[in-house]
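Participant: The structure's right below; bear with me while I get my questions together.
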Amino acid sequence: METFKGAAGQRGAGLGTAWGAAPYPVVAADTAGSVLELNRAAVLLFPRAASGTWLCDVVPAWLADAHRHLTDLLLSHGREALLPPRREGMRPVQGDAGGRSFEAYATFGEEGEVVWWLVDDTDRRRAEEALRTERQRALLLSEISNALLACMNVERCTTVTAQLAARHLADAAVVIPSTTGHRLSVITSDAKGAVVRRAVDADPGQVPGLSEALQGLPPVSGCWIDPGSIPDWLVPGGLAGPVGSVVVTPLPGHGVPTGALILLRREEGAGFSESEESFARLFAARAGAAWSVVRLYAEQASITATLMRELLPPTLRQVHGVQFAGGYRPSGQGTRVGGDFYDVHPGSDDRQETFVVLGDVCGKGLEAAVLTGKIRNTLQALLPMADDHLRVLNLLNGALVTSHHSRFATLVLASALRVADRVRLRLTCAGHPAPMIVRTDGTVEEVDTHGTLVGVLPAIEARTAEVELGPGETCLMYTDGITEAKGGPLGGAMFGEGRLRNALAECLGMPAEAVVERIQMLATQWIGQGRHDDMAVVAITAPRTAHAAAANAHL
């Protein structure tokens, strides 16, 4: 075993016989700070060190300071310094030497000399730093996903992407959505989060790798991009100083590219490492996926809103001297359409009948709403034949029987015409509950009309009834969601036709809109918080005076 008293390699026979061949650098020094001995590994690490040299002149400052602190404890407290609690001050110290990281552990000789054992922990610290970095990046990716998926707005999504990239990855970030035109939408953000949106007439080919990124092609390594070639329109105003490093990476979506992300760092800062470029691509992939989901959601929301406008029941009003009012409540919370529907189609003038339809499609929810839309469109096309209810029903039945739908529907058709101070009605039911009429004396009668279901049998059989409404009288058309609504004190009783008759009798003399509101309110109170089917009602009322009817007519 060899210990060294000097850089020249003189042998020493003192302290080091036990640790001379230790694989770790070992340095022994007295309490005055003078080097006593060191082994071969220490000579290689500290080539200026030799026996008799001052420790502070030949080792890094962190080790020299630790030795000074430890010897001060020994001089002040003697061997008691080696006992708790003062021993807490002698924990291993850490620092760099020769381009490596070391932990230095102190042991003591019999004469008070301090022997420093230096353990190379470079690899462990690098692994810890890599693990810490990966954890931070994982947290960042989680933050990205949460922040972007919470947006549900394409414009907000691009803003958040630029802000997060500038805050965590670079001094500034630029997001450019993919486009089919020559005008680029440029969203820039600096590290403070200041975002600027603008449209630029520019060629993406001016920026190396940008055209490829916008097409979803693999990114170009940042080492091949000359920062000096970056055009001014790409550099945010908040970036202090010239650009020193650039990364361009695509924002991949679900099967289609969504755009490109450009990261910029100032000239005086550090460039992007290979690891940072790899993480930037991972960031972009996560952002692009979230962005793609948000864009898909926006497209679907737009389509849904457009279709919903066509499926929602219309707002009814007075037409040609006849009052019409309607109310609809879908079965599920959060849904706005279902299987019940109604429509009013005014005649071309006050001499033409107004055609009214109220229906109930088997089922509920979106599938029922789709068939509802088909029935409404078919009836719209059959308006020229509305004077013959049976023919309209048979044509509609033929369309449903031959379609791929297995559902059926019930309908009640009404044709209303104002004649003097009365309203003449023709009513036809097809598998639907018969309408009720409240007369001026408070009695409620059921219209004598009935028929078969629509969409089941090859032909429809139905009976049309003709009735008249005097001033103040109302005809109520309703779906079975009203009469079959379960509730009441025990929660299991049906609202039933009897309660509906009594409720309608209480509506004597009310305008059509008030009748609908009253029926809906009573049915809702009966249900309480319970589940229910779709519910729809339409009221047709003859105004009390001809003067009022003429004053309120709109068509």
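Simple scheme: letters A, B, ... for chains in structure tokens order, numbers from 1 for residues in each chain, numbers from 1 for ligands in the order shown.
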Would you give me, as a Markdown table, each residue of range 350-430 of chain A having an atom within 10 Å of an atom of range 434-457 of chain A, along with its shortest atom pair and that distance in Å to one decimal, using only C-alpha atoms and sorting by chain and residue number?
Facilitator:
| residue | atom | partner | partner_atom | distance |
| --- | --- | --- | --- | --- |
| A:Val361 | CA | A:Val454 | CA | 9.4 |
| A:Leu390 | CA | A:Gly451 | CA | 9.6 |
| A:Leu393 | CA | A:Val454 | CA | 7.3 |
| A:Asn394 | CA | A:Val454 | CA | 8.1 |
| A:Leu395 | CA | A:Val454 | CA | 9.9 |
| A:Leu396 | CA | A:Val454 | CA | 7.5 |
| A:Asn397 | CA | A:Gly455 | CA | 4.9 |
| A:Gly398 | CA | A:Gly455 | CA | 7.2 |
| A:Ala399 | CA | A:Gly455 | CA | 7.9 |
| A:Leu400 | CA | A:Gly455 | CA | 5.0 |
| A:Val401 | CA | A:Gly455 | CA | 4.9 |
| A:Thr402 | CA | A:Gly455 | CA | 8.6 |
| A:Ser403 | CA | A:Gly455 | CA | 9.1 |
| A:His405 | CA | A:Gly455 | CA | 8.9 |
| A:Ser406 | CA | A:Gly455 | CA | 8.2 |
| A:Arg407 | CA | A:Gly455 | CA | 7.2 |
| A:Phe408 | CA | A:Gly455 | CA | 4.8 |
| A:Ala409 | CA | A:Val454 | CA | 5.3 |
| A:Thr410 | CA | A:Leu453 | CA | 5.5 |
| A:Leu411 | CA | A:Val454 | CA | 7.6 |
| A:Val412 | CA | A:Ala434 | CA | 7.7 |
| A:Ala414 | CA | A:Pro435 | CA | 9.8 |
| A:Arg426 | CA | A:Thr449 | CA | 9.8 |
| A:Leu427 | CA | A:Thr449 | CA | 6.9 |
| A:Thr428 | CA | A:Thr449 | CA | 5.8 |
| A:Cys429 | CA | A:His450 | CA | 4.8 |
| A:Ala430 | CA | A:Gly451 | CA | 4.1 |
Participant: Determine, counting only C-alpha atoms, which protein, DNA and RNA residues have an atom within 8 Å of an atom of Ala542 in chain A; residues of the same chain fewer than 4 positions away are not included. Present the result as a list of chain:residue names.
Facilitator: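 So, after excluding close chain neighbours, the residues are A:Gly321, A:Val322, A:Gln323, A:Asp421, A:Arg422, A:Val423, A:Leu469, A:Gly470, A:Pro471, A:Gly472, A:Glu473, A:Thr474.
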Participant: Write out the residues from the selection above, keeping N, CA, C and O atoms, as an mmCIF file, in the first residue's frame.
Facilitator:
data_model
loop_
_atom_site.group_PDB
_atom_site.id
_atom_site.type_symbol
_atom_site.label_atom_id
_atom_site.label_comp_id
_atom_site.auth_asym_id
_atom_site.auth_seq_id
_atom_site.Cartn_x
_atom_site.Cartn_y
_atom_site.Cartn_z
ATOM 1 N N GLY A 321 -106.011 35.382 -36.414
ATOM 2 C CA GLY A 321 -107.102 35.511 -35.464
ATOM 3 C C GLY A 321 -107.295 34.331 -34.551
ATOM 4 O O GLY A 321 -108.293 34.272 -33.815
ATOM 5 N N VAL A 322 -106.380 33.372 -34.537
ATOM 6 C CA VAL A 322 -106.458 32.201 -33.662
ATOM 7 C C VAL A 322 -105.216 32.182 -32.770
ATOM 8 O O VAL A 322 -104.102 32.361 -33.249
ATOM 9 N N GLN A 323 -105.444 31.968 -31.462
ATOM 10 C CA GLN A 323 -104.319 31.916 -30.527
ATOM 11 C C GLN A 323 -103.721 30.506 -30.490
ATOM 12 O O GLN A 323 -104.440 29.519 -30.348
ATOM 13 N N ASP A 421 -116.496 35.053 -35.251
ATOM 14 C CA ASP A 421 -115.908 35.059 -33.916
ATOM 15 C C ASP A 421 -115.618 33.660 -33.409
ATOM 16 O O ASP A 421 -115.341 33.464 -32.233
ATOM 17 N N ARG A 422 -115.684 32.657 -34.261
ATOM 18 C CA ARG A 422 -115.465 31.281 -33.873
ATOM 19 C C ARG A 422 -114.269 30.693 -34.633
ATOM 20 O O ARG A 422 -113.816 31.248 -35.631
ATOM 21 N N VAL A 423 -113.775 29.580 -34.115
ATOM 22 C CA VAL A 423 -112.663 28.875 -34.757
ATOM 23 C C VAL A 423 -113.151 27.486 -35.136
ATOM 24 O O VAL A 423 -113.631 26.730 -34.283
ATOM 25 N N LEU A 469 -114.870 26.139 -31.896
ATOM 26 C CA LEU A 469 -114.573 26.774 -30.624
ATOM 27 C C LEU A 469 -115.233 28.142 -30.592
ATOM 28 O O LEU A 469 -115.056 28.961 -31.505
ATOM 29 N N GLY A 470 -116.015 28.375 -29.541
ATOM 30 C CA GLY A 470 -116.596 29.690 -29.351
ATOM 31 C C GLY A 470 -115.600 30.622 -28.693
ATOM 32 O O GLY A 470 -114.524 30.202 -28.235
ATOM 33 N N PRO A 471 -115.875 31.896 -28.605
ATOM 34 C CA PRO A 471 -114.969 32.858 -27.965
ATOM 35 C C PRO A 471 -114.589 32.413 -26.553
ATOM 36 O O PRO A 471 -115.455 32.070 -25.737
ATOM 37 N N GLY A 472 -113.294 32.348 -26.276
ATOM 38 C CA GLY A 472 -112.791 31.960 -24.966
ATOM 39 C C GLY A 472 -112.628 30.472 -24.768
ATOM 40 O O GLY A 472 -112.096 30.040 -23.735
ATOM 41 N N GLU A 473 -113.068 29.651 -25.739
ATOM 42 C CA GLU A 473 -112.925 28.208 -25.607
ATOM 43 C C GLU A 473 -111.564 27.751 -26.137
ATOM 44 O O GLU A 473 -111.014 28.346 -27.062
ATOM 45 N N THR A 474 -111.052 26.655 -25.542
ATOM 46 C CA THR A 474 -109.703 26.177 -25.863
ATOM 47 C C THR A 474 -109.719 24.690 -26.158
ATOM 48 O O THR A 474 -110.374 23.917 -25.453
#
Participant: Give me the residues within 10 Å of Phe46 in chain A as a short mmCIF file (atom, residue, chain, number, x, y, z; two decimals) with N, CA, C and O atoms, in the first residue's frame, counting only C-alpha atoms and dropping any in the same chain fewer than 4 places off.
Facilitator:
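So part.cif came out as:
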data_model
loop_
_atom_site.label_atom_id
_atom_site.label_comp_id
_atom_site.auth_asym_id
_atom_site.auth_seq_id
_atom_site.Cartn_x
_atom_site.Cartn_y
_atom_site.Cartn_z
N ALA A 7 3.97 15.35 -4.31
CA ALA A 7 3.54 15.06 -5.66
C ALA A 7 4.57 14.20 -6.37
O ALA A 7 4.27 13.52 -7.33
N PRO A 25 -10.10 9.08 -3.20
CA PRO A 25 -9.07 10.05 -2.78
C PRO A 25 -9.13 10.25 -1.27
O PRO A 25 -10.21 10.45 -0.71
N VAL A 27 -7.14 12.38 1.93
CA VAL A 27 -6.18 13.42 2.29
C VAL A 27 -6.18 13.58 3.80
O VAL A 27 -7.26 13.72 4.41
N LEU A 38 -1.41 11.87 1.61
CA LEU A 38 -2.50 11.63 0.66
C LEU A 38 -2.17 10.39 -0.15
O LEU A 38 -1.00 10.06 -0.33
N ARG A 40 -2.69 7.73 -3.67
CA ARG A 40 -2.48 7.91 -5.10
C ARG A 40 -3.70 8.56 -5.76
O ARG A 40 -3.56 9.44 -6.61
N ALA A 41 -4.93 8.15 -5.37
CA ALA A 41 -6.13 8.73 -5.98
C ALA A 41 -6.23 10.22 -5.68
O ALA A 41 -6.66 11.02 -6.53
N ALA A 42 -5.79 10.62 -4.47
CA ALA A 42 -5.83 12.04 -4.12
C ALA A 42 -4.80 12.83 -4.91
O ALA A 42 -5.04 13.98 -5.30
N ALA A 50 0.86 18.14 -1.68
CA ALA A 50 2.02 17.40 -1.20
C ALA A 50 2.12 17.58 0.30
O ALA A 50 1.53 18.49 0.88
N VAL A 58 -4.31 23.91 -2.17
CA VAL A 58 -4.24 22.81 -3.13
C VAL A 58 -5.56 22.08 -3.34
O VAL A 58 -5.65 21.22 -4.21
N VAL A 59 -6.57 22.38 -2.52
CA VAL A 59 -7.89 21.73 -2.69
C VAL A 59 -8.94 22.81 -2.91
O VAL A 59 -8.71 23.99 -2.62
N PRO A 60 -10.11 22.43 -3.40
CA PRO A 60 -11.17 23.43 -3.63
C PRO A 60 -11.57 24.10 -2.32
O PRO A 60 -11.40 23.55 -1.22
N ALA A 97 -14.72 18.82 -7.86
CA ALA A 97 -13.26 18.80 -7.97
C ALA A 97 -12.89 18.02 -9.22
O ALA A 97 -13.40 16.92 -9.44
N GLY A 98 -12.03 18.60 -10.04
CA GLY A 98 -11.57 17.92 -11.25
C GLY A 98 -12.71 17.59 -12.20
O GLY A 98 -12.65 16.55 -12.90
#
Participant: Go through A:Val392, A:Ala66, A:Leu169, A:Leu214 one by one, measure the shortest atom-to-atom distance of each to Leu379 in chain A using only C-alpha atoms, and give the residue with the smallest value.
Facilitator: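 Ranking A:Val392, A:Ala66, A:Leu169, A:Leu214 by distance to Leu379 in chain A, first place goes to A:Val392.
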Participant: DSSP on the backbone, then: every residue of range 453-548 of chain A marked helix (DSSP H, G or I), written as a ChimeraX atom specification.
Facilitator: /A:480-483,496-505,512-527,546-548
Participant: Can you work out which one of A:Gly209, A:His320, A:Val196, A:Gly530 has the shortest atom-to-atom distance to Gly492 in chain A, counting only C-alpha atoms?
Facilitator: A:Gly530
Participant: As a list in words, please: the residues near Arg266 in chain A (cut-off 12 Å, only C-alpha atoms, same-chain neighbours under 6 positions excluded).
Facilitator: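 Once the nearby chain positions are removed, what remains is Ala170, Asp171, Ala172, Ala173, Asp190, Ala191, Pro227, Gly228, Val235, Pro236, Gly238, Leu239, Ala240, Gly241, Pro242, Val243, Gly244, Ser245, Val246 and Phe272 of chain A.
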Participant: So which one's closest to Val220 in chain A, A:Asn377, A:Thr249, A:Ser145, A:Thr464? Using only C-alpha atoms, please.
Facilitator: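 With only C-alpha atoms as the atom set, the closest residue is A:Thr249.
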Participant: List the spatial neighbours of Val119 in chain A as an mmCIF file with C-alpha atoms, in the first residue's frame - criterion: any atom at most 7 Å away, only C-alpha atoms, same-chain residues fewer than 5 positions off excluded.
Facilitator:
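Dumped everything to result_39.cif:
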data_model
loop_
_atom_site.group_PDB
_atom_site.id
_atom_site.type_symbol
_atom_site.label_atom_id
_atom_site.label_comp_id
_atom_site.auth_asym_id
_atom_site.auth_seq_id
_atom_site.Cartn_x
_atom_site.Cartn_y
_atom_site.Cartn_z
ATOM 1 C CA TYR A 24 -11.215 6.915 -3.081
ATOM 2 C CA PHE A 102 -17.629 14.473 -4.459
ATOM 3 C CA GLU A 103 -18.883 13.977 -0.930
ATOM 4 C CA ALA A 104 -16.154 14.370 1.712
#
Participant: Check range 420-501 of chain A with DSSP on the backbone and list each residue it calls strand (DSSP E or B), as a PyMOL selection string.
Facilitator: chain A and resi 422-430+436-438+444-446+451+454+462+464-469+474-478+486-487+493-494
Participant: Would you mind exporting N, CA and C atoms of the selected residues as a short mmCIF file (atom, residue, chain, number, x, y, z; two decimals), in the first residue's frame?
Facilitator:
data_model
loop_
_atom_site.label_atom_id
_atom_site.label_comp_id
_atom_site.auth_asym_id
_atom_site.auth_seq_id
_atom_site.Cartn_x
_atom_site.Cartn_y
_atom_site.Cartn_z
N ARG A 422 -115.68 32.66 -34.26
CA ARG A 422 -115.47 31.28 -33.87
C ARG A 422 -114.27 30.69 -34.63
N VAL A 423 -113.77 29.58 -34.11
CA VAL A 423 -112.66 28.87 -34.76
C VAL A 423 -113.15 27.49 -35.14
N ARG A 424 -113.02 27.17 -36.43
CA ARG A 424 -113.43 25.86 -36.92
C ARG A 424 -112.19 24.96 -36.95
N LEU A 425 -112.33 23.78 -36.35
CA LEU A 425 -111.21 22.85 -36.25
C LEU A 425 -111.55 21.52 -36.91
N ARG A 426 -110.57 20.96 -37.60
CA ARG A 426 -110.61 19.57 -38.05
C ARG A 426 -109.47 18.85 -37.34
N LEU A 427 -109.80 17.79 -36.60
CA LEU A 427 -108.82 17.09 -35.76
C LEU A 427 -108.78 15.61 -36.14
N THR A 428 -107.56 15.09 -36.28
CA THR A 428 -107.38 13.67 -36.62
C THR A 428 -106.28 13.09 -35.75
N CYS A 429 -106.59 12.01 -35.05
CA CYS A 429 -105.59 11.32 -34.22
C CYS A 429 -105.12 10.05 -34.92
N ALA A 430 -103.85 9.75 -34.77
CA ALA A 430 -103.26 8.51 -35.27
C ALA A 430 -102.53 7.85 -34.11
N MET A 436 -108.70 17.55 -25.86
CA MET A 436 -109.79 17.95 -24.98
C MET A 436 -110.15 19.39 -25.24
N ILE A 437 -111.45 19.72 -25.06
CA ILE A 437 -111.94 21.08 -25.28
C ILE A 437 -112.64 21.54 -24.02
N VAL A 438 -112.28 22.74 -23.53
CA VAL A 438 -112.99 23.35 -22.41
C VAL A 438 -113.96 24.38 -22.99
N VAL A 444 -115.62 19.98 -19.85
CA VAL A 444 -114.49 19.53 -20.67
C VAL A 444 -114.94 18.29 -21.42
N GLU A 445 -114.77 18.33 -22.74
CA GLU A 445 -115.17 17.20 -23.56
C GLU A 445 -113.99 16.69 -24.37
N GLU A 446 -114.03 15.40 -24.66
CA GLU A 446 -112.97 14.77 -25.45
C GLU A 446 -113.42 14.69 -26.90
N GLY A 451 -107.29 6.77 -34.41
CA GLY A 451 -106.63 6.19 -35.57
C GLY A 451 -105.50 5.28 -35.15
N VAL A 454 -98.51 5.43 -36.54
CA VAL A 454 -97.78 5.76 -37.77
C VAL A 454 -96.45 5.02 -37.77
N ALA A 462 -107.94 6.19 -39.79
CA ALA A 462 -108.14 7.28 -38.84
C ALA A 462 -109.49 7.96 -39.10
N THR A 464 -111.51 11.61 -38.71
CA THR A 464 -111.36 13.05 -38.52
C THR A 464 -112.64 13.62 -37.91
N ALA A 465 -112.48 14.44 -36.90
CA ALA A 465 -113.62 15.09 -36.25
C ALA A 465 -113.58 16.58 -36.54
N GLU A 466 -114.76 17.17 -36.76
CA GLU A 466 -114.87 18.61 -36.98
C GLU A 466 -115.58 19.23 -35.79
N VAL A 467 -114.97 20.22 -35.19
CA VAL A 467 -115.54 20.91 -34.04
C VAL A 467 -115.37 22.41 -34.21
N GLU A 468 -116.08 23.18 -33.38
CA GLU A 468 -115.95 24.64 -33.37
C GLU A 468 -115.66 25.11 -31.96
N LEU A 469 -114.87 26.14 -31.90
CA LEU A 469 -114.57 26.77 -30.62
C LEU A 469 -115.23 28.14 -30.59
N THR A 474 -111.05 26.65 -25.54
CA THR A 474 -109.70 26.18 -25.86
C THR A 474 -109.72 24.69 -26.16
N CYS A 475 -108.96 24.32 -27.19
CA CYS A 475 -108.71 22.91 -27.49
C CYS A 475 -107.27 22.59 -27.07
N LEU A 476 -107.12 21.57 -26.23
CA LEU A 476 -105.80 21.20 -25.72
C LEU A 476 -105.35 19.89 -26.36
N MET A 477 -104.20 19.94 -27.03
CA MET A 477 -103.55 18.75 -27.57
C MET A 477 -102.34 18.44 -26.68
N TYR A 478 -102.15 17.18 -26.34
CA TYR A 478 -101.10 16.84 -25.38
C TYR A 478 -100.53 15.45 -25.70
N LYS A 486 -95.68 10.29 -13.33
CA LYS A 486 -95.86 9.69 -12.01
C LYS A 486 -95.34 10.63 -10.93
N GLY A 487 -96.11 10.73 -9.86
CA GLY A 487 -95.71 11.59 -8.76
C GLY A 487 -96.76 11.57 -7.68
N ALA A 493 -98.24 7.60 -8.26
CA ALA A 493 -99.55 7.75 -8.91
C ALA A 493 -99.40 8.55 -10.20
N MET A 494 -100.19 8.17 -11.22
CA MET A 494 -100.17 8.91 -12.49
C MET A 494 -101.00 10.18 -12.39
#
Participant: Which of these, A:Gly363, A:Pro433, A:Gly33, A:Gly528, has the shortest distance to Glu497 in chain A once you count only C-alpha atoms?
Facilitator: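 Among A:Gly363, A:Pro433, A:Gly33, A:Gly528, it is A:Pro433 that comes nearest to Glu497 in chain A.
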